[in-house]
Structures are given as C-alpha cells and as structure tokens.
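J.: Next comes the structure file model_7.cif, holding mmCIF, C-alpha atoms.
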data_coords
#
loop_
_atom_site.label_atom_id
_atom_site.label_comp_id
_atom_site.auth_asym_id
_atom_site.auth_seq_id
_atom_site.Cartn_x
_atom_site.Cartn_y
_atom_site.Cartn_z
CA MET A 27 0.00 0.00 0.00
CA LYS A 28 2.82 2.40 0.90
CA LYS A 29 4.64 1.49 -2.29
CA ALA A 30 1.51 2.19 -4.35
CA LEU A 31 1.07 5.54 -2.56
CA ARG A 32 4.68 6.50 -3.31
CA ILE A 33 4.21 5.64 -6.99
CA ALA A 34 1.01 7.68 -7.13
CA LEU A 35 2.74 10.67 -5.53
CA CYS A 36 5.64 10.41 -7.99
CA ILE A 37 3.22 10.34 -10.92
CA LEU A 38 1.37 13.36 -9.52
CA LEU A 39 4.63 15.27 -8.97
CA ALA A 40 5.79 14.47 -12.49
CA ALA A 41 2.47 15.62 -13.90
CA LEU A 42 2.63 18.87 -11.97
CA THR A 43 6.24 19.48 -13.03
CA TRP A 44 5.48 18.71 -16.67
CA GLY A 45 2.38 20.92 -16.53
CA GLY A 46 4.43 23.78 -15.11
CA HIS A 47 6.96 23.46 -17.90
CA ALA A 48 4.18 23.34 -20.48
CA LEU A 49 2.60 26.48 -19.03
CA ALA A 50 5.94 28.30 -19.08
CA GLU A 51 6.55 27.25 -22.65
CA THR A 52 3.09 28.40 -23.82
CA THR A 53 3.23 31.74 -21.94
CA PRO A 54 5.93 33.79 -23.66
CA PRO A 55 7.12 37.02 -22.05
CA ILE A 56 5.91 40.37 -23.34
CA THR A 57 8.80 42.08 -25.13
CA ARG A 58 7.14 44.64 -27.45
CA VAL A 59 6.43 47.67 -25.27
CA TRP A 60 6.33 51.33 -26.31
CA LEU A 61 5.24 54.62 -24.74
CA THR A 62 3.12 57.43 -26.21
CA TYR A 63 0.92 60.32 -25.12
CA ARG A 64 -2.83 60.38 -25.77
CA THR A 65 -3.63 63.65 -24.00
CA ASN A 66 -2.40 67.12 -24.98
CA ASP A 67 -0.03 67.38 -22.02
CA PRO A 68 2.36 65.08 -20.14
CA SER A 69 0.13 64.57 -17.07
CA HIS A 70 -0.73 61.10 -18.40
CA ILE A 71 1.20 58.60 -20.50
CA VAL A 72 0.08 55.57 -22.49
CA VAL A 73 1.84 52.24 -22.10
CA ASN A 74 1.38 50.13 -25.24
CA TRP A 75 2.30 46.51 -25.85
CA LEU A 76 1.66 43.41 -27.92
CA SER A 77 0.98 40.05 -26.29
CA GLU A 78 1.18 36.65 -27.98
CA GLN A 79 -2.13 35.65 -26.39
CA SER A 80 -5.08 38.01 -26.10
CA GLY A 81 -6.41 39.00 -22.70
CA ASP A 82 -6.70 41.87 -20.24
CA SER A 83 -4.41 44.89 -20.08
CA THR A 84 -2.65 45.64 -16.77
CA VAL A 85 0.10 48.15 -15.95
CA HIS A 86 1.89 48.12 -12.59
CA PHE A 87 3.75 51.40 -11.99
CA GLY A 88 5.23 53.66 -9.35
CA PRO A 89 8.34 55.55 -8.14
CA THR A 90 10.17 52.38 -7.08
CA GLU A 91 10.82 48.98 -8.61
CA GLN A 92 8.03 47.63 -6.41
CA CYS A 93 5.65 49.87 -8.42
CA GLY A 94 2.74 50.04 -5.97
CA ARG A 95 -0.03 51.22 -8.30
CA THR A 96 -2.06 49.36 -10.90
CA VAL A 97 -4.33 50.28 -13.80
CA ARG A 98 -6.23 47.38 -15.37
CA VAL A 99 -8.51 47.33 -18.39
CA ALA A 100 -10.75 44.26 -18.55
CA ASN A 101 -10.72 43.50 -22.25
CA ASP A 102 -9.65 40.67 -24.53
CA VAL A 103 -7.05 42.04 -26.96
CA ALA A 104 -3.51 41.40 -28.13
CA LEU A 105 -2.74 45.06 -28.92
CA HIS A 106 -2.87 46.99 -25.64
CA HIS A 107 -3.08 50.73 -24.84
CA VAL A 108 -3.35 51.71 -21.17
CA GLU A 109 -3.13 55.30 -19.93
CA ILE A 110 -1.65 55.95 -16.49
CA PRO A 111 -1.40 59.23 -14.52
CA LEU A 112 1.94 60.96 -13.89
CA SER A 113 1.58 63.22 -10.87
CA GLU A 114 5.23 63.20 -9.74
CA ARG A 115 7.83 65.54 -11.22
CA ASP A 116 11.52 64.98 -11.89
CA THR A 117 11.35 61.31 -10.96
CA VAL A 118 11.82 57.94 -12.58
CA CYS A 119 8.65 55.94 -13.14
CA HIS A 120 9.09 52.18 -12.91
CA TYR A 121 6.57 49.90 -14.58
CA ARG A 122 5.80 46.47 -15.98
CA VAL A 123 2.84 45.16 -17.94
CA SER A 124 0.88 41.94 -17.93
CA THR A 125 -1.82 40.16 -19.89
CA GLY A 126 -3.13 37.09 -18.14
CA SER A 127 -0.05 35.07 -17.18
CA GLN A 128 2.12 36.92 -19.74
CA THR A 129 4.37 39.59 -18.23
CA SER A 130 7.10 41.99 -19.30
CA ALA A 131 10.45 42.65 -17.71
CA PRO A 132 10.60 45.73 -15.43
CA ALA A 133 11.26 49.00 -17.26
CA SER A 134 11.39 52.72 -16.44
CA PHE A 135 11.25 56.20 -17.94
CA LYS A 136 12.00 59.76 -16.81
CA ALA A 137 8.80 61.52 -15.77
CA ASN A 138 8.12 65.26 -16.09
CA PRO A 139 11.51 67.01 -15.70
CA THR A 140 11.81 70.22 -13.70
CA ASP A 141 14.77 72.23 -15.04
CA PHE A 142 15.68 70.92 -18.51
CA LEU A 143 13.53 69.23 -21.15
CA ARG A 144 15.20 67.40 -24.05
CA VAL A 145 13.20 66.48 -27.15
CA ALA A 146 14.85 64.62 -30.05
CA VAL A 147 13.44 64.53 -33.59
CA VAL A 148 14.28 61.94 -36.25
CA ALA A 149 12.98 61.33 -39.78
CA ASN A 150 13.41 58.99 -42.77
CA TRP A 151 13.59 55.88 -40.63
CA HIS A 152 13.84 53.49 -43.58
CA GLU A 153 16.53 51.26 -42.12
CA LYS A 154 18.04 50.58 -38.72
CA ALA A 155 20.22 53.53 -37.71
CA ASP A 156 22.72 53.58 -34.87
CA LEU A 157 21.01 55.74 -32.23
CA THR A 158 23.62 55.30 -29.52
CA ALA A 159 24.46 59.01 -29.45
CA LEU A 160 20.80 60.00 -29.41
CA MET A 161 20.12 57.69 -26.46
CA ALA A 162 23.18 59.11 -24.67
CA ASP A 163 21.48 62.52 -24.84
CA GLU A 164 18.68 60.97 -22.75
CA PRO A 165 15.75 62.69 -24.45
CA HIS A 166 12.58 62.91 -22.40
CA ILE A 167 10.51 62.62 -25.60
CA LEU A 168 11.31 61.28 -29.07
CA MET A 169 9.37 62.87 -31.94
CA THR A 170 9.61 62.39 -35.68
CA ALA A 171 9.17 64.43 -38.85
CA GLY A 172 7.62 61.57 -40.82
CA ASP A 173 8.52 58.44 -42.78
CA ASN A 174 8.89 56.15 -39.78
CA ILE A 175 8.77 52.98 -41.92
CA PRO A 176 9.73 52.12 -45.53
CA ASN A 177 6.08 51.31 -46.48
CA ILE A 178 3.24 48.98 -45.52
CA PHE A 179 2.87 46.77 -48.59
CA SER A 180 6.36 45.19 -48.49
CA SER A 181 5.63 43.54 -45.14
CA CYS A 182 1.86 43.10 -45.43
CA GLY A 183 0.98 42.70 -49.11
CA ASP A 184 -0.97 45.12 -51.26
CA ASN A 185 -4.02 46.97 -49.94
CA ARG A 186 -3.65 46.07 -46.25
CA PRO A 187 -4.16 49.48 -44.64
CA GLU A 188 -4.80 47.98 -41.20
CA CYS A 189 -1.56 45.96 -41.09
CA ILE A 190 0.75 47.11 -38.27
CA LEU A 191 3.65 44.73 -38.96
CA PRO A 192 6.08 47.47 -40.17
CA TYR A 193 5.57 49.35 -36.88
CA VAL A 194 6.07 46.12 -34.93
CA LYS A 195 9.41 45.73 -36.72
CA LEU A 196 10.34 49.31 -35.78
CA VAL A 197 9.73 48.64 -32.08
CA ASP A 198 11.58 45.32 -32.31
CA ALA A 199 14.65 47.11 -33.70
CA TYR A 200 14.99 49.42 -30.66
CA PRO A 201 13.38 47.72 -27.64
CA ALA A 202 15.32 49.67 -25.00
CA LEU A 203 14.58 53.02 -26.65
CA PHE A 204 10.84 52.50 -27.01
CA ARG A 205 10.22 51.15 -23.51
CA SER A 206 12.12 54.05 -21.90
CA THR A 207 11.28 57.08 -24.10
CA PRO A 208 7.78 58.38 -24.93
CA PHE A 209 7.35 58.39 -28.71
CA MET A 210 5.32 60.93 -30.70
CA PRO A 211 5.58 60.27 -34.45
CA VAL A 212 4.41 62.44 -37.35
CA LEU A 213 3.16 61.03 -40.63
CA GLY A 214 5.01 60.86 -43.93
CA ASN A 215 3.85 59.31 -47.19
CA HIS A 216 5.80 56.10 -46.52
CA ASP A 217 3.75 55.55 -43.35
CA LYS A 218 0.64 55.22 -45.53
CA GLN A 219 1.87 53.41 -48.64
CA ILE A 220 -0.27 50.31 -49.24
CA ARG A 221 0.74 49.67 -52.88
CA PRO A 222 3.82 50.21 -55.06
CA ARG A 223 3.82 53.74 -56.49
CA GLY A 224 4.62 52.97 -60.15
CA PRO A 225 5.49 55.45 -62.92
CA ALA A 226 1.96 56.93 -63.17
CA PRO A 227 -1.08 57.17 -60.87
CA PRO A 228 -2.85 53.77 -61.01
CA ASP A 229 -6.59 53.09 -60.82
CA GLU A 230 -6.50 52.35 -57.06
CA PRO A 231 -5.13 54.61 -54.31
CA VAL A 232 -1.47 54.02 -53.49
CA TYR A 233 -1.72 55.54 -50.01
CA ASP A 234 -4.16 55.12 -47.14
CA VAL A 235 -4.81 58.80 -46.46
CA ASN A 236 -6.52 57.96 -43.16
CA ALA A 237 -3.35 56.24 -41.86
CA THR A 238 -5.26 53.29 -40.42
CA ALA A 239 -2.25 51.23 -39.31
CA PHE A 240 -0.45 54.25 -37.82
CA ARG A 241 -3.48 55.30 -35.79
CA ARG A 242 -4.18 51.72 -34.72
CA PHE A 243 -0.64 51.15 -33.46
CA PHE A 244 0.06 54.51 -31.79
CA GLU A 245 -2.05 56.36 -29.23
CA LEU A 246 -1.66 60.10 -29.93
CA PRO A 247 -3.64 63.28 -29.14
CA ASP A 248 -6.47 64.78 -31.19
CA THR A 249 -7.12 63.04 -34.53
CA GLU A 250 -3.66 61.37 -34.37
CA TRP A 251 -2.90 62.23 -38.01
CA LYS A 252 -2.56 65.78 -36.64
CA TRP A 253 -1.98 66.55 -32.99
CA ARG A 254 -1.02 69.15 -30.41
CA PHE A 255 1.14 68.57 -27.35
CA ASP A 256 1.93 71.19 -24.69
CA VAL A 257 4.63 71.05 -22.03
CA ARG A 258 3.55 74.17 -20.21
CA PRO A 259 6.25 74.27 -17.50
CA PHE A 260 8.74 74.76 -20.36
CA HIS A 261 6.45 77.06 -22.36
CA VAL A 262 6.45 74.92 -25.51
CA CYS A 263 3.70 73.77 -27.85
CA PHE A 264 4.29 71.07 -30.47
CA LEU A 265 1.97 70.93 -33.51
CA ALA A 266 2.01 67.98 -35.91
CA LEU A 267 0.64 68.28 -39.46
CA ASP A 268 -0.10 65.73 -42.18
CA MET A 269 1.62 67.41 -45.15
CA HIS A 270 3.68 65.54 -47.75
CA HIS A 271 3.60 64.98 -51.53
CA LEU A 272 1.39 68.05 -51.81
CA SER A 273 1.57 68.09 -55.62
CA ASP A 274 -0.22 64.71 -55.73
CA GLN A 275 -3.46 65.97 -54.15
CA GLY A 276 -6.54 64.86 -56.08
CA SER A 277 -4.87 61.85 -57.75
CA THR A 278 -4.52 58.22 -56.67
CA TRP A 279 -1.06 59.25 -55.47
CA GLN A 280 -2.58 61.54 -52.82
CA SER A 281 -1.01 60.70 -49.48
CA SER A 282 -1.88 63.55 -47.08
CA HIS A 283 -5.05 65.20 -45.87
CA ASP A 284 -6.20 68.39 -47.58
CA PHE A 285 -4.43 71.63 -46.69
CA HIS A 286 -6.33 74.36 -48.60
CA ARG A 287 -7.82 77.38 -46.78
CA GLU A 288 -11.15 75.69 -46.04
CA SER A 289 -9.72 72.31 -45.11
CA GLU A 290 -10.00 70.79 -41.65
CA GLN A 291 -6.22 70.83 -41.30
CA PHE A 292 -5.78 74.49 -42.24
CA LEU A 293 -8.57 75.67 -39.93
CA TRP A 294 -7.32 73.48 -37.08
CA TYR A 295 -3.77 74.82 -37.34
CA LYS A 296 -5.00 78.41 -37.55
CA ASP A 297 -7.09 77.84 -34.43
CA GLN A 298 -4.19 76.30 -32.48
CA LEU A 299 -2.08 79.42 -33.01
CA THR A 300 -4.63 81.56 -31.14
CA ASP A 301 -3.66 79.81 -27.89
CA THR A 302 0.14 79.82 -27.95
CA GLY A 303 0.96 83.24 -26.50
CA GLY A 304 4.30 83.30 -24.69
CA GLN A 305 5.19 79.80 -25.87
CA PHE A 306 7.75 78.32 -28.19
CA VAL A 307 5.81 76.79 -31.08
CA VAL A 308 7.38 73.84 -32.90
CA THR A 309 5.60 72.61 -36.04
CA LEU A 310 6.43 69.22 -37.56
CA TYR A 311 5.55 67.80 -41.00
CA ASN A 312 7.10 65.86 -43.89
CA GLU A 313 7.12 68.12 -46.97
CA ARG A 314 9.79 70.38 -48.41
CA ASN A 315 9.77 73.61 -46.40
CA ALA A 316 9.68 75.91 -49.44
CA THR A 317 6.74 73.96 -50.90
CA THR A 318 4.78 73.89 -47.66
CA ARG A 319 5.10 77.56 -46.79
CA SER A 320 4.03 78.65 -50.30
CA GLN A 321 0.63 76.97 -50.05
CA ALA A 322 -2.58 79.05 -49.95
CA GLN A 323 -0.73 81.97 -51.56
CA GLY A 324 1.82 82.01 -48.75
CA VAL A 325 -0.67 82.00 -45.88
CA TRP A 326 0.90 78.83 -44.48
CA HIS A 327 4.20 80.69 -44.17
CA ASP A 328 2.41 83.55 -42.43
CA MET A 329 0.99 81.09 -39.92
CA PHE A 330 4.33 79.32 -39.47
CA CYS A 331 5.93 82.67 -38.62
CA LYS A 332 3.55 83.05 -35.69
CA GLY A 333 5.47 80.13 -34.22
CA THR A 334 9.17 79.57 -33.58
CA ILE A 335 10.50 76.76 -35.80
CA CYS A 336 9.29 74.25 -38.38
CA VAL A 337 10.89 70.80 -38.68
CA THR A 338 10.49 68.54 -41.71
CA GLY A 339 11.89 65.16 -42.72
CA PHE A 340 11.52 65.81 -46.44
CA GLY A 341 15.13 65.78 -47.63
CA HIS A 342 18.06 63.46 -47.00
CA PHE A 343 20.33 66.20 -45.66
CA ALA A 344 20.75 68.53 -42.69
CA GLU A 345 19.52 72.09 -43.14
CA ARG A 346 18.55 75.28 -41.35
CA ALA A 347 16.86 78.07 -43.34
CA GLU A 348 15.75 81.55 -42.21
CA LEU A 349 12.94 83.63 -43.70
CA ASP A 350 11.02 86.56 -42.19
CA GLY A 351 12.11 85.64 -38.68
CA CYS A 352 10.92 82.03 -39.02
CA THR A 353 13.43 79.17 -38.86
CA TYR A 354 12.96 76.03 -40.96
CA TYR A 355 14.85 72.78 -40.31
CA ASP A 356 15.27 69.62 -42.36
CA THR A 357 16.41 66.49 -40.53
CA SER A 358 17.08 62.91 -41.64
CA LEU A 359 18.61 59.79 -40.14
CA ASN A 360 19.66 59.04 -43.72
CA GLY A 361 21.25 62.39 -44.49
CA LYS A 362 23.51 61.70 -47.46
CA GLY A 363 21.08 62.12 -50.32
CA THR A 364 20.60 64.65 -53.08
CA HIS A 365 20.42 68.25 -51.90
CA TYR A 366 17.24 70.24 -52.49
CA PRO A 367 18.43 73.39 -50.72
CA ASP A 368 15.98 75.93 -49.42
CA PRO A 369 16.38 79.31 -51.23
CA HIS A 370 16.98 80.78 -47.77
CA SER A 371 19.34 78.12 -46.48
CA LYS A 372 21.88 79.18 -43.83
CA PHE A 373 23.31 75.75 -43.02
CA LEU A 374 23.42 72.70 -45.29
CA ALA A 375 25.31 69.43 -44.85
CA SER A 376 25.33 65.82 -46.04
CA GLN A 377 25.32 63.96 -42.76
CA ASP A 378 23.25 61.24 -41.08
CA HIS A 379 21.84 63.11 -38.13
CA TYR A 380 19.02 63.96 -35.73
CA LEU A 381 17.68 67.17 -34.21
CA LEU A 382 17.81 67.89 -30.48
CA MET A 383 15.84 70.61 -28.69
CA THR A 384 16.88 71.48 -25.14
CA PHE A 385 14.54 73.71 -23.14
CA ASP A 386 15.98 75.58 -20.14
CA ARG A 387 13.12 76.47 -17.83
CA THR A 388 15.08 79.03 -15.79
CA ALA A 389 16.73 80.80 -18.73
CA ARG A 390 13.54 80.44 -20.81
CA THR A 391 15.51 79.36 -23.86
CA MET A 392 15.26 76.65 -26.50
CA THR A 393 18.54 75.42 -27.96
CA VAL A 394 18.20 73.57 -31.26
CA GLU A 395 21.07 71.40 -32.45
CA LEU A 396 21.53 69.30 -35.56
CA LYS A 397 23.75 66.43 -34.39
CA SER A 398 25.48 63.68 -36.32
CA LEU A 399 24.76 60.08 -35.34
CA GLY A 400 28.22 60.15 -33.77
CA GLY A 401 27.10 62.94 -31.42
CA LYS A 402 28.90 65.86 -33.10
CA VAL A 403 27.04 69.18 -33.15
CA LEU A 404 26.67 70.27 -36.77
CA ASP A 405 24.62 73.41 -36.18
CA ARG A 406 23.32 75.18 -33.09
CA LYS A 407 20.90 78.04 -32.57
CA VAL A 408 19.44 79.43 -29.32
CA PHE A 409 15.91 80.84 -29.24
CA THR A 410 14.48 83.06 -26.50
CA GLN A 411 10.97 82.48 -25.24
CA PRO A 412 8.53 84.86 -26.91
CA LYS A 413 6.68 87.37 -24.74
#
If you took the structure in this file and wrote it as structure tokens, what would it be?
T.:
Amino acid sequence: MKKALRIALCILLAALTWGGHALAETTPPITRVWLTYRTNDPSHIVVNWLSEQSGDSTVHFGPTEQCGRTVRVANDVALHHVEIPLSERDTVCHYRVSTGSQTSAPASFKANPTDFLRVAVVANWHEKADLTALMADEPHILMTAGDNIPNIFSSCGDNRPECILPYVKLVDAYPALFRSTPFMPVLGNHDKQIRPRGPAPPDEPVYDVNATAFRRFFELPDTEWKWRFDVRPFHVCFLALDMHHLSDQGSTWQSSHDFHRESEQFLWYKDQLTDTGGQFVVTLYNERNATTRSQAQGVWHDMFCKGTICVTGFGHFAERAELDGCTYYDTSLNGKGTHYPDPHSKFLASQDHYLLMTFDRTARTMTVELKSLGGKVLDRKVFTQPK
C-alpha cells in the first residue's frame, strides 16, 4: 500500500512538473512595449504593448521597482493601450505590464523634468540607424518628422491598410529606446503606402490617407494624423501636421489630408495658433519647407511665422533656413542624399543626423542642435521664449 502511494505521488509530482513546464513554454514574455501620449499634455502617458495571447491589459507602476499602483482594463485584446497618470515631477517611473499570465520585464522612464527638457526629432527611418548618441542625450521625448517605416505593402501585401507589422518591426529594432522614451511620431507618405507607387497614378489609391495602421498602433492626441502637445512648464507647444507629396493631391497618389484654406487641417492649425501666447511653437511635418510655406498663396508661411521653428523630414540632408524671422529645419537619419536646398538656407550638410531641442526652464531658452549620429554638433541656434 505504501509502495503504491509512493508511486502515485511520484506520478502526480511528475504531472505537476510537466504541466508547469508546459505552461511556461506556452506563456511567452511580453517584449514589445512602447510609450506614447494620448492627452495634450504630459500629465498622463500611455503604455502600449503586444501580447502573444489576447487578454486583459494591466500596468503596474510607481516611483520604485516595487511599483505600488495598478491600472487594469478588462478586455480581450492582443494590442494593448493603457493610460496611467503621472503626478510626480523629476522622478523615474518604474513599470511592468501583464496580460493574463504573460508579463514583461521591469522598465522605467523619466517623468516630467523640472529644469531641462530634451526632445529629439528623427525622420526617414527606412533602415536601422545607430542611435547610440541620441540615447546618450537621454531625451525625455522622441518625436519624428515623418517616414517612420519604408512602407506597408512590403511587409503586409498590397491593400492592407490595417496591417501594423512594419511598426512592430520598428519597435523590435529598438526595444530599450521605445520602452524608456515616450514616442510621438508624425506622418510621412511612406507611413501610408499600401501599394507600389509605379510610374503613373494607377486606378486604385497608393496611399491610405486615413493612416489606419499608424493610428491603430500609436495612441496620440487629437485626430492622431494631426496633434497638439503642450509642455507648459517649459512654455512649448508642439503641432504635428499631415503634409507631404502636396503636388499629388486629387490623384490616386494623394497621401496627405487636404491643406487648402477651407480644409479641416488648415482651420485646425490656424485655431491652435490663437492659444500659444508666450510659448515656443514647434511645427512638424514631412514636406519640403519651401513647398509647404508657399501653399494658400503664402498664408501657411504667415501662420508658421507666428510660431518659432518648423521641422520637416523631407530631404536626406541637414539644413537650417531663415525667412522673415521664421526658422525652418530639415532632418534625416539618412542624411547623405541629393540636396534640395531651401532658397533661404543658412546651413546645409550631407550627414546622417538627428535634431535635439533642449529647453531651459530658468533661462527660458530653447537650444536647437543638428547632431550627427556620432554625437557631433553640426549646427546650433538658441531661441528666446517669446513674450
């Protein structure tokens, strides 16, 4: 009887051990995690992730590795977006996410700085660039000036506007960056391309103007294809526009939303500028600066000049141009392409690079630097907060 009991216990132990191994093998860890903002200010942040198995969405977070706070959304999804509050300033927020028995490794990000705010901008993210120098600058926010992926159709097949695989690949290429730095991208035509372009406009649209995959993958303010983000302690307002390939409007090559005087985008941007007094205003888009500012008989330029700087990812070069007191930048991770210099260019270089804005709250200044991927400052200009 004792022998039979021992055998039964051994069988039970083996079953439990095997079952534990099976559970571990079928519950992979969560590794694709990225941060964005959904609101118009940094008082809340969105933690996003993909899980292999669908389920609920839970974020554990707090000022220590023990976290201490939890936000849970009772849903059944594999693509997760959970917004959490950020009440503390100048601290590190620790967090981890879970879906059912699937969990992520602990991670952290810098929350709401007090004295200095650093915002990096990249563009033309068509291949994996070495961002070691950018990460060494420890930006509090990473923004883009468009073209975050090569296209949609190469990874997903033709006419798959909802397919997020290219954005998944982007996050996979820089896991440490995306889980530690809030990301606020701007659209370019490549972000919407669902078919090959070809030599002439085809019968079917080449681009998904509504940016379905982009808006599905990222949680951003406003309509997401255009957005506003204010960091009021540093007196700065960021405005993102959907402007690229403007000459293709009205054809099956059209990639961006309308931008004429009566368009939603034009009226929205005009309205945003009525509430930016005393702030730095940074506008981001993905069209050639000279082309963009000439639209609507130059009214776009007039509106841009009510702000501080414009940043585009149109060209594969580094540039700063000055016109009527307004400064226009062109930035590109792939910066060694053909030059299309602005007629008012003051600095122009063939260099893989990114743009870094540093806001000094005490001095009330914004320092803008074009920096090579090796960390060398190519161009620097200091702006004083408008009154």
J.: On this file, the PyMOL selection byres ((chain A and resi 314) around 10) gives some set of residues; write that set as number ranges by chain.
T.: A: 269-272, 311-313, 315-319, 337-341, 354-356, 366-368
J.: Run through the PyMOL selection byres ((chain A and resi 280) around 10) on the given coordinates and return the selected residues as a PDB file with C-alpha atoms, in the frame of the given file.
T.:
ATOM      1  CA  ASN A 215       3.850  59.310 -47.190  1.00  0.00           C
ATOM      2  CA  PRO A 227      -1.080  57.170 -60.870  1.00  0.00           C
ATOM      3  CA  PRO A 231      -5.130  54.610 -54.310  1.00  0.00           C
ATOM      4  CA  VAL A 232      -1.470  54.020 -53.490  1.00  0.00           C
ATOM      5  CA  TYR A 233      -1.720  55.540 -50.010  1.00  0.00           C
ATOM      6  CA  ASP A 234      -4.160  55.120 -47.140  1.00  0.00           C
ATOM      7  CA  VAL A 235      -4.810  58.800 -46.460  1.00  0.00           C
ATOM      8  CA  HIS A 270       3.680  65.540 -47.750  1.00  0.00           C
ATOM      9  CA  HIS A 271       3.600  64.980 -51.530  1.00  0.00           C
ATOM     10  CA  LEU A 272       1.390  68.050 -51.810  1.00  0.00           C
ATOM     11  CA  SER A 273       1.570  68.090 -55.620  1.00  0.00           C
ATOM     12  CA  ASP A 274      -0.220  64.710 -55.730  1.00  0.00           C
ATOM     13  CA  GLN A 275      -3.460  65.970 -54.150  1.00  0.00           C
ATOM     14  CA  GLY A 276      -6.540  64.860 -56.080  1.00  0.00           C
ATOM     15  CA  SER A 277      -4.870  61.850 -57.750  1.00  0.00           C
ATOM     16  CA  THR A 278      -4.520  58.220 -56.670  1.00  0.00           C
ATOM     17  CA  TRP A 279      -1.060  59.250 -55.470  1.00  0.00           C
ATOM     18  CA  SER A 281      -1.010  60.700 -49.480  1.00  0.00           C
ATOM     19  CA  SER A 282      -1.880  63.550 -47.080  1.00  0.00           C
ATOM     20  CA  HIS A 283      -5.050  65.200 -45.870  1.00  0.00           C
ATOM     21  CA  ASP A 284      -6.200  68.390 -47.580  1.00  0.00           C
TER      22      ASP A 284
END
J.: Pull out every residue that the PyMOL selection byres ((chain A and resi 173) around 10) matches in the shown coordinates and put them as a PyMOL selection string.
T.: chain A and resi 148-152+170-172+174-177+211-218+270+311-312+339-340+358
J.: Show me, as an MDAnalysis selection string, the residues that have an atom within 9 Å of Gln128 of chain A when counting all atoms listed in the file, minus same-chain residues fewer than 3 positions from it.
T.: chainID A and resid 53:56 77:79 123:125
J.: Can you measure atom CA of Leu349 of chain A to atom CA of Val325 of chain A for me? One decimal in Å is fine.
T.: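 Taking atom CA of Leu349 of chain A and atom CA of Val325 of chain A, their separation equals 13.9 Å.
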J.: Select, from A:Gly324, A:Gly183, A:Pro89, A:Pro412, the residue with the minimum atom-to-atom distance to Gly303 of chain A, counting all atoms listed in the file.
T.: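 Among A:Gly324, A:Gly183, A:Pro89, A:Pro412, it is A:Pro412 that comes nearest to Gly303 of chain A.
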J.: Atom CA of Arg390 of chain A to atom CA of His261 of chain A: how many Å, to one decimal?
T.: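 Result for atom CA of Arg390 of chain A versus atom CA of His261 of chain A: 8.0 Å, one decimal.
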J.: Counting all atoms listed in the file, which residue out of A:Val194, A:Leu112, A:Val118, A:Leu381 sits closest to Leu399 of chain A?
T.: A:Leu381
J.: So that I can check the surroundings of Val59 of chain A, please list as an NGL selection string every protein, DNA and RNA residue that reaches within 8 Å of it, counting all atoms listed in the file and ignoring chain neighbours fewer than 5 positions away.
T.: :A and (73-76 or 197 or 201 or 204-205)
J.: Of the residues A:Ala344, A:Met210, A:Arg387, A:Trp326, which is the one nearest to Phe255 of chain A, using only C-alpha atoms?
T.: A:Met210
J.: Generate N, CA, C and O atoms for segment 381-394 of chain A and emit them as a PDB file, keeping the file's coordinate frame.
T.:
ATOM      1  N   LEU A 381      17.843  65.824 -34.755  1.00  0.00           N
ATOM      2  CA  LEU A 381      17.680  67.170 -34.210  1.00  0.00           C
ATOM      3  C   LEU A 381      17.375  67.062 -32.725  1.00  0.00           C
ATOM      4  O   LEU A 381      16.572  66.222 -32.314  1.00  0.00           O
ATOM      5  N   LEU A 382      18.027  67.892 -31.931  1.00  0.00           N
ATOM      6  CA  LEU A 382      17.810  67.890 -30.480  1.00  0.00           C
ATOM      7  C   LEU A 382      17.423  69.276 -30.009  1.00  0.00           C
ATOM      8  O   LEU A 382      18.131  70.247 -30.274  1.00  0.00           O
ATOM      9  N   MET A 383      16.288  69.361 -29.317  1.00  0.00           N
ATOM     10  CA  MET A 383      15.840  70.610 -28.690  1.00  0.00           C
ATOM     11  C   MET A 383      16.025  70.490 -27.185  1.00  0.00           C
ATOM     12  O   MET A 383      15.549  69.519 -26.578  1.00  0.00           O
ATOM     13  N   THR A 384      16.699  71.464 -26.591  1.00  0.00           N
ATOM     14  CA  THR A 384      16.880  71.480 -25.140  1.00  0.00           C
ATOM     15  C   THR A 384      16.241  72.755 -24.593  1.00  0.00           C
ATOM     16  O   THR A 384      16.628  73.869 -24.970  1.00  0.00           O
ATOM     17  N   PHE A 385      15.266  72.586 -23.718  1.00  0.00           N
ATOM     18  CA  PHE A 385      14.540  73.710 -23.140  1.00  0.00           C
ATOM     19  C   PHE A 385      15.050  73.943 -21.710  1.00  0.00           C
ATOM     20  O   PHE A 385      15.050  73.033 -20.886  1.00  0.00           O
ATOM     21  N   ASP A 386      15.484  75.175 -21.457  1.00  0.00           N
ATOM     22  CA  ASP A 386      15.980  75.580 -20.140  1.00  0.00           C
ATOM     23  C   ASP A 386      14.864  76.385 -19.482  1.00  0.00           C
ATOM     24  O   ASP A 386      14.573  77.519 -19.897  1.00  0.00           O
ATOM     25  N   ARG A 387      14.264  75.827 -18.448  1.00  0.00           N
ATOM     26  CA  ARG A 387      13.120  76.470 -17.830  1.00  0.00           C
ATOM     27  C   ARG A 387      13.500  77.780 -17.149  1.00  0.00           C
ATOM     28  O   ARG A 387      12.752  78.768 -17.206  1.00  0.00           O
ATOM     29  N   THR A 388      14.654  77.821 -16.511  1.00  0.00           N
ATOM     30  CA  THR A 388      15.080  79.030 -15.790  1.00  0.00           C
ATOM     31  C   THR A 388      15.466  80.135 -16.768  1.00  0.00           C
ATOM     32  O   THR A 388      15.034  81.285 -16.629  1.00  0.00           O
ATOM     33  N   ALA A 389      16.283  79.808 -17.754  1.00  0.00           N
ATOM     34  CA  ALA A 389      16.730  80.800 -18.730  1.00  0.00           C
ATOM     35  C   ALA A 389      15.650  81.121 -19.765  1.00  0.00           C
ATOM     36  O   ALA A 389      15.778  82.113 -20.486  1.00  0.00           O
ATOM     37  N   ARG A 390      14.619  80.274 -19.843  1.00  0.00           N
ATOM     38  CA  ARG A 390      13.540  80.440 -20.810  1.00  0.00           C
ATOM     39  C   ARG A 390      14.080  80.459 -22.248  1.00  0.00           C
ATOM     40  O   ARG A 390      13.754  81.333 -23.057  1.00  0.00           O
ATOM     41  N   THR A 391      14.921  79.483 -22.532  1.00  0.00           N
ATOM     42  CA  THR A 391      15.510  79.360 -23.860  1.00  0.00           C
ATOM     43  C   THR A 391      15.236  77.982 -24.444  1.00  0.00           C
ATOM     44  O   THR A 391      14.971  77.008 -23.719  1.00  0.00           O
ATOM     45  N   MET A 392      15.311  77.909 -25.763  1.00  0.00           N
ATOM     46  CA  MET A 392      15.260  76.650 -26.500  1.00  0.00           C
ATOM     47  C   MET A 392      16.501  76.593 -27.378  1.00  0.00           C
ATOM     48  O   MET A 392      16.690  77.452 -28.247  1.00  0.00           O
ATOM     49  N   THR A 393      17.351  75.611 -27.142  1.00  0.00           N
ATOM     50  CA  THR A 393      18.540  75.420 -27.960  1.00  0.00           C
ATOM     51  C   THR A 393      18.286  74.287 -28.944  1.00  0.00           C
ATOM     52  O   THR A 393      17.932  73.171 -28.541  1.00  0.00           O
ATOM     53  N   VAL A 394      18.445  74.570 -30.224  1.00  0.00           N
ATOM     54  CA  VAL A 394      18.200  73.570 -31.260  1.00  0.00           C
ATOM     55  C   VAL A 394      19.542  73.190 -31.886  1.00  0.00           C
ATOM     56  O   VAL A 394      20.285  74.060 -32.369  1.00  0.00           O
TER      57      VAL A 394
END
